[in-house]
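Source file: coords_35.cif; contents: mmCIF, C-alpha atoms.
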data_model
#
loop_
_atom_site.label_atom_id
_atom_site.label_comp_id
_atom_site.auth_asym_id
_atom_site.auth_seq_id
_atom_site.Cartn_x
_atom_site.Cartn_y
_atom_site.Cartn_z
CA MET T 43 0.00 0.00 0.00
CA LYS T 44 2.86 2.39 0.81
CA LYS T 45 4.38 1.75 -2.60
CA VAL T 46 1.11 2.59 -4.38
CA PHE T 47 0.76 5.75 -2.30
CA ARG T 48 4.32 6.84 -3.22
CA ILE T 49 3.70 6.21 -6.91
CA LEU T 50 0.44 8.17 -6.81
CA SER T 51 2.15 11.00 -4.92
CA VAL T 52 4.92 11.23 -7.52
CA LEU T 53 2.39 11.20 -10.37
CA LEU T 54 0.38 13.94 -8.68
CA LEU T 55 3.50 16.10 -8.32
CA VAL T 56 4.40 15.60 -11.99
CA VAL T 57 0.88 16.53 -13.12
CA ALA T 58 0.84 19.55 -10.79
CA ALA T 59 4.21 20.76 -12.06
CA ALA T 60 3.13 20.39 -15.67
CA SER T 61 -0.12 22.24 -15.08
CA CYS T 62 1.69 25.19 -13.43
CA ASP T 63 3.32 26.14 -16.72
CA SER T 64 1.22 28.99 -18.08
CA SER T 65 3.01 28.99 -21.44
CA ILE T 66 0.95 29.14 -24.60
CA TYR T 67 3.91 27.58 -26.40
CA ASN T 68 6.94 25.76 -25.02
CA LYS T 69 8.90 23.50 -27.35
CA MET T 70 12.48 22.49 -28.04
CA LYS T 71 13.91 20.80 -31.11
CA GLU T 72 17.01 18.66 -31.16
CA ILE T 73 19.99 19.59 -33.31
CA PRO T 74 21.17 16.31 -34.91
CA ASP T 75 24.47 15.13 -33.41
CA SER T 76 24.84 18.55 -31.68
CA LYS T 77 26.21 19.92 -34.97
CA TRP T 78 24.18 22.87 -36.13
CA ASP T 79 24.72 23.54 -39.82
CA MET T 80 24.16 27.18 -40.77
CA ASN T 81 22.04 25.87 -43.66
CA TYR T 82 19.75 23.99 -41.25
CA PRO T 83 17.34 26.54 -39.76
CA VAL T 84 15.05 25.42 -36.96
CA LYS T 85 11.43 26.52 -37.35
CA PHE T 86 8.57 26.82 -34.88
CA ASP T 87 4.97 27.45 -35.96
CA VAL T 88 2.74 29.02 -33.32
CA ASP T 89 -0.99 29.60 -33.76
CA ILE T 90 -1.94 32.80 -31.91
CA ALA T 91 -5.54 33.45 -30.92
CA ASP T 92 -5.02 36.18 -28.27
CA THR T 93 -4.09 39.71 -29.36
CA THR T 94 -4.85 41.45 -26.06
CA THR T 95 -2.59 39.70 -23.54
CA LEU T 96 0.99 40.81 -22.87
CA PHE T 97 3.47 37.99 -23.48
CA ASP T 98 7.11 37.29 -22.68
CA PHE T 99 9.13 35.54 -25.39
CA PHE T 100 12.09 33.32 -24.47
CA VAL T 101 14.69 31.48 -26.50
CA LEU T 102 15.62 28.12 -25.01
CA LEU T 103 19.11 26.84 -25.73
CA ARG T 104 20.90 23.71 -24.62
CA HIS T 105 24.57 23.13 -25.36
CA ASN T 106 27.27 20.81 -24.12
CA THR T 107 30.48 21.83 -22.43
CA ASP T 108 32.42 21.11 -25.62
CA TYR T 109 30.88 24.24 -27.15
CA ALA T 110 33.89 26.36 -28.14
CA TYR T 111 32.54 29.90 -27.63
CA ASN T 112 31.22 32.07 -24.80
CA ASN T 113 28.40 33.38 -26.99
CA VAL T 114 26.20 32.51 -29.92
CA TYR T 115 24.67 34.62 -32.69
CA PHE T 116 21.33 33.81 -34.34
CA PHE T 117 19.30 35.14 -37.20
CA ILE T 118 15.65 35.05 -36.16
CA THR T 119 13.18 35.31 -39.02
CA THR T 120 9.56 35.89 -38.04
CA THR T 121 6.77 35.36 -40.55
CA MET T 122 3.48 36.84 -39.39
CA PRO T 123 -0.06 36.26 -40.65
CA GLY T 124 -0.35 37.97 -44.02
CA ASP T 125 3.25 36.97 -44.82
CA SER T 126 4.92 40.03 -43.32
CA ILE T 127 8.53 39.07 -42.49
CA THR T 128 11.06 40.50 -40.04
CA ARG T 129 14.63 39.37 -39.50
CA ASP T 130 16.76 40.14 -36.47
CA THR T 131 20.28 39.24 -35.44
CA VAL T 132 20.69 38.49 -31.75
CA GLU T 133 23.63 37.53 -29.56
CA PHE T 134 23.39 35.49 -26.40
CA ILE T 135 26.16 35.38 -23.83
CA LEU T 136 26.64 31.82 -22.55
CA ALA T 137 29.67 32.23 -20.28
CA ASP T 138 31.12 34.87 -17.98
CA PRO T 139 34.42 36.64 -18.83
CA ASP T 140 36.36 33.89 -17.02
CA GLY T 141 34.81 31.21 -19.23
CA ASN T 142 32.39 29.80 -16.63
CA TRP T 143 29.07 28.71 -18.11
CA ILE T 144 26.16 30.81 -16.87
CA GLY T 145 23.39 28.39 -17.84
CA ASN T 146 21.63 25.90 -15.63
CA GLY T 147 22.72 22.31 -15.27
CA SER T 148 25.58 20.41 -13.81
CA GLY T 149 27.78 18.19 -15.83
CA TYR T 150 27.95 17.99 -19.60
CA LEU T 151 24.80 19.92 -20.62
CA LYS T 152 23.95 23.57 -19.95
CA SER T 153 20.50 25.06 -20.47
CA HIS T 154 19.59 28.69 -21.01
CA GLU T 155 16.20 30.41 -20.94
CA ILE T 156 16.87 33.83 -22.44
CA LEU T 157 14.23 36.55 -22.43
CA ILE T 158 14.25 38.33 -25.79
CA SER T 159 10.96 40.24 -25.65
CA ARG T 160 8.99 41.35 -22.62
CA LYS T 161 5.40 42.58 -22.56
CA PHE T 162 4.88 41.79 -26.24
CA ILE T 163 1.44 41.90 -27.88
CA PHE T 164 0.84 39.89 -31.03
CA PRO T 165 -0.56 42.34 -33.61
CA SER T 166 -2.97 39.87 -35.22
CA LYS T 167 -4.41 36.40 -34.83
CA GLY T 168 -3.09 33.56 -36.93
CA LEU T 169 -0.02 31.47 -37.62
CA TYR T 170 3.40 32.89 -36.71
CA SER T 171 6.59 31.16 -37.80
CA PHE T 172 9.84 31.70 -35.94
CA GLU T 173 12.95 30.43 -37.72
CA PHE T 174 16.37 30.27 -36.09
CA GLN T 175 19.58 30.05 -38.05
CA GLN T 176 22.97 30.00 -36.38
CA ALA T 177 25.01 33.01 -37.47
CA MET T 178 28.48 32.13 -36.22
CA ARG T 179 31.52 32.06 -38.51
CA ASP T 180 31.65 28.27 -38.40
CA THR T 181 29.54 26.58 -41.06
CA ILE T 182 28.94 23.74 -38.60
CA LEU T 183 28.50 24.87 -35.00
CA ASN T 184 29.52 22.01 -32.70
CA GLY T 185 28.04 21.62 -29.24
CA VAL T 186 24.53 23.09 -29.60
CA SER T 187 22.16 20.22 -28.84
CA ASP T 188 18.70 21.86 -28.73
CA ILE T 189 16.96 25.12 -29.53
CA GLY T 190 13.47 26.16 -28.58
CA ILE T 191 11.06 28.92 -27.71
CA LYS T 192 8.69 29.60 -24.87
CA ILE T 193 5.89 32.15 -25.00
CA LYS T 194 3.96 32.86 -21.83
CA PRO T 195 1.77 35.61 -20.42
CA THR T 196 3.74 38.38 -18.71
CA PRO T 197 3.39 38.00 -14.94
CA LEU T 198 1.43 40.79 -13.28
#

Mind converting the file's structure to structure tokens?
Amino acid sequence: MKKVFRILSVLLLVVAAASCDSSIYNKMKEIPDSKWDMNYPVKFDVDIADTTTLFDFFVLLRHNTDYAYNNVYFFITTTMPGDSITRDTVEFILADPDGNWIGNGSGYLKSHEILISRKFIFPSKGLYSFEFQQAMRDTILNGVSDIGIKIKPTPL
């Protein structure tokens, strides 16, 4: 009976933790073999129905400790409903000046949740596409294992 109670308690905690995430979108995609080719953009399609709520937009990045740089540059191409397109170049700092990783995680993998837009309102309803392309000088960027985005309502 104790064993069943423990299993049910663990399941309840997992369900509770999953339901606490208020994100409207939270997804990561794996980079094959942790070798991100500059010609292999990673795309996320998000269907937006709410144009009145303020949202925070995060980039999620996971890399291993073999990653050779303290930063990473991305091109982010956003296609909005009606086919309007914007393209931005962003830099994320992944290590402090002494070379210590600033992401979460112990061991071989480091994870980053980087806020790139706060209190953002989507201008119209519909399908938004966010495409990430690595913009480093290396054609193949070794050590980046996953990229993702998270969009959630701005906390009050």

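Residue selection for this entry, given the PyMOL selection byres ((chain T and resi 170) around 10), comprises Phe86, Asp87, Val88, Asp89, Ile90, Thr120, Thr121, Met122, Pro123, Gly124, Asp125, Ser126, Ile127, Phe164, Ser166, Lys167, Gly168, Leu169, Ser171, Phe172 and Glu173 of chain T.
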
> Which neighbours of Phe100 of chain T fall inside 6 Å, counting all atoms listed in the file, when residues of the same chain fewer than 4 positions from it are skipped, and could you give them as an MDAnalysis selection string?
Replying inline: chainID T and resid 156:158 191:192

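In this model, the gap between atom CA of Leu96 of chain T and atom CA of Gln175 of chain T comes to 26.3 Å.
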
> Written as a ChimeraX atom specification, which residues does the PyMOL selection byres ((chain T and resi 103) around 9) give for the file shown?
Replying inline: /T:70,101-102,104-105,152-156,186-191

List, as a JSON list (two decimals) with C-alpha atoms, in the coordinates of the input, every residue that the PyMOL selection byres ((chain T and resi 118) around 6) selects in the file provided.
[["chain", "number", "residue", "atom", "x", "y", "z"],
["T", 117, "PHE", "CA", 19.30, 35.14, -37.20],
["T", 119, "THR", "CA", 13.18, 35.31, -39.02],
["T", 129, "ARG", "CA", 14.63, 39.37, -39.50],
["T", 130, "ASP", "CA", 16.76, 40.14, -36.47],
["T", 173, "GLU", "CA", 12.95, 30.43, -37.72],
["T", 174, "PHE", "CA", 16.37, 30.27, -36.09]]

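Atom CA of Arg160 of chain T to atom CA of Pro195 of chain T spans 9.5 Å [interatomic distance, one decimal].
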
>> List the spatial neighbours of Pro197 of chain T as a VMD selection string - criterion: any atom at most 10 Å away, all atoms listed in the file, same-chain residues fewer than 6 positions off excluded.
In response: chain T and resid 64 96 to 98 161

>> Can you tell me which residues surround Leu183 of chain T at a distance of at most 7 Å, considering all atoms listed in the file, apart from same-chain residues fewer than 2 positions away, and format the answer as number ranges by chain?
In response: T: 77-79, 180-181, 185-186

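Nearest residue to Ile66 of chain T among T:Ala91, T:Ala177, T:Met80, T:Ile182 is T:Ala91, counting only C-alpha atoms.
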
> In terms of the shortest atom-to-atom distance over only C-alpha atoms, which of T:Thr131, T:Thr93, T:Asn142, T:Ser65 is closest to Ile163 of chain T?
Replying inline: T:Thr93

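The space between atom CA of Val84 of chain T and atom CA of Leu136 of chain T spans 19.6 Å.
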
> Is there a way to get, as number ranges by chain, all residues within 12 Å of the point (37.0, 23.4, -27.4) in file coordinates, counting only C-alpha atoms?
Replying inline: T: 106-112, 141, 183-185

> What lies within 9 Å of Asn113 of chain T using all atoms listed in the file, ignoring chain neighbours under 5 positions off, as a count of residues only?
Replying inline: 5

Kindly reconstruct segment 174-193 of chain T with N, CA and C atoms and present the result as an mmCIF file, keeping the file's coordinate frame.
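New file rebuild-v5.cif:
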data_model
loop_
_atom_site.group_PDB
_atom_site.id
_atom_site.type_symbol
_atom_site.label_atom_id
_atom_site.label_comp_id
_atom_site.auth_asym_id
_atom_site.auth_seq_id
_atom_site.Cartn_x
_atom_site.Cartn_y
_atom_site.Cartn_z
ATOM 1 N N PHE T 174 15.058 29.979 -36.668
ATOM 2 C CA PHE T 174 16.370 30.270 -36.090
ATOM 3 C C PHE T 174 17.456 29.668 -36.957
ATOM 4 N N GLN T 175 18.430 30.499 -37.271
ATOM 5 C CA GLN T 175 19.580 30.050 -38.050
ATOM 6 C C GLN T 175 20.819 30.506 -37.300
ATOM 7 N N GLN T 176 21.754 29.584 -37.073
ATOM 8 C CA GLN T 176 22.970 30.000 -36.380
ATOM 9 C C GLN T 176 23.760 30.924 -37.289
ATOM 10 N N ALA T 177 24.339 31.969 -36.695
ATOM 11 C CA ALA T 177 25.010 33.010 -37.470
ATOM 12 C C ALA T 177 26.464 33.180 -37.016
ATOM 13 N N MET T 178 27.072 32.083 -36.612
ATOM 14 C CA MET T 178 28.480 32.130 -36.220
ATOM 15 C C MET T 178 29.340 31.990 -37.478
ATOM 16 N N ARG T 179 30.635 32.169 -37.334
ATOM 17 C CA ARG T 179 31.520 32.060 -38.510
ATOM 18 C C ARG T 179 31.728 30.625 -38.951
ATOM 19 N N ASP T 180 31.510 29.681 -38.055
ATOM 20 C CA ASP T 180 31.650 28.270 -38.400
ATOM 21 C C ASP T 180 30.426 27.808 -39.192
ATOM 22 N N THR T 181 30.644 27.129 -40.285
ATOM 23 C CA THR T 181 29.540 26.580 -41.060
ATOM 24 C C THR T 181 28.783 25.541 -40.236
ATOM 25 N N ILE T 182 29.517 24.721 -39.514
ATOM 26 C CA ILE T 182 28.940 23.740 -38.600
ATOM 27 C C ILE T 182 29.306 24.187 -37.190
ATOM 28 N N LEU T 183 28.303 24.425 -36.368
ATOM 29 C CA LEU T 183 28.500 24.870 -35.000
ATOM 30 C C LEU T 183 28.375 23.659 -34.080
ATOM 31 N N ASN T 184 29.499 23.198 -33.555
ATOM 32 C CA ASN T 184 29.520 22.010 -32.700
ATOM 33 C C ASN T 184 29.141 22.356 -31.271
ATOM 34 N N GLY T 185 28.340 21.497 -30.657
ATOM 35 C CA GLY T 185 28.040 21.620 -29.240
ATOM 36 C C GLY T 185 26.661 22.124 -28.903
ATOM 37 N N VAL T 186 25.902 22.651 -29.877
ATOM 38 C CA VAL T 186 24.530 23.090 -29.600
ATOM 39 C C VAL T 186 23.631 21.883 -29.822
ATOM 40 N N SER T 187 22.945 21.459 -28.755
ATOM 41 C CA SER T 187 22.160 20.220 -28.840
ATOM 42 C C SER T 187 20.676 20.457 -29.069
ATOM 43 N N ASP T 188 20.139 21.595 -28.587
ATOM 44 C CA ASP T 188 18.700 21.860 -28.730
ATOM 45 C C ASP T 188 18.462 23.361 -28.778
ATOM 46 N N ILE T 189 17.412 23.727 -29.491
ATOM 47 C CA ILE T 189 16.960 25.120 -29.530
ATOM 48 C C ILE T 189 15.450 25.100 -29.397
ATOM 49 N N GLY T 190 14.912 26.131 -28.750
ATOM 50 C CA GLY T 190 13.470 26.160 -28.580
ATOM 51 C C GLY T 190 12.976 27.561 -28.254
ATOM 52 N N ILE T 191 11.671 27.653 -28.121
ATOM 53 C CA ILE T 191 11.060 28.920 -27.710
ATOM 54 C C ILE T 191 9.997 28.629 -26.662
ATOM 55 N N LYS T 192 9.771 29.640 -25.854
ATOM 56 C CA LYS T 192 8.690 29.600 -24.870
ATOM 57 C C LYS T 192 8.014 30.959 -24.895
ATOM 58 N N ILE T 193 6.693 30.933 -25.009
ATOM 59 C CA ILE T 193 5.890 32.150 -25.000
ATOM 60 C C ILE T 193 4.890 31.997 -23.864
#
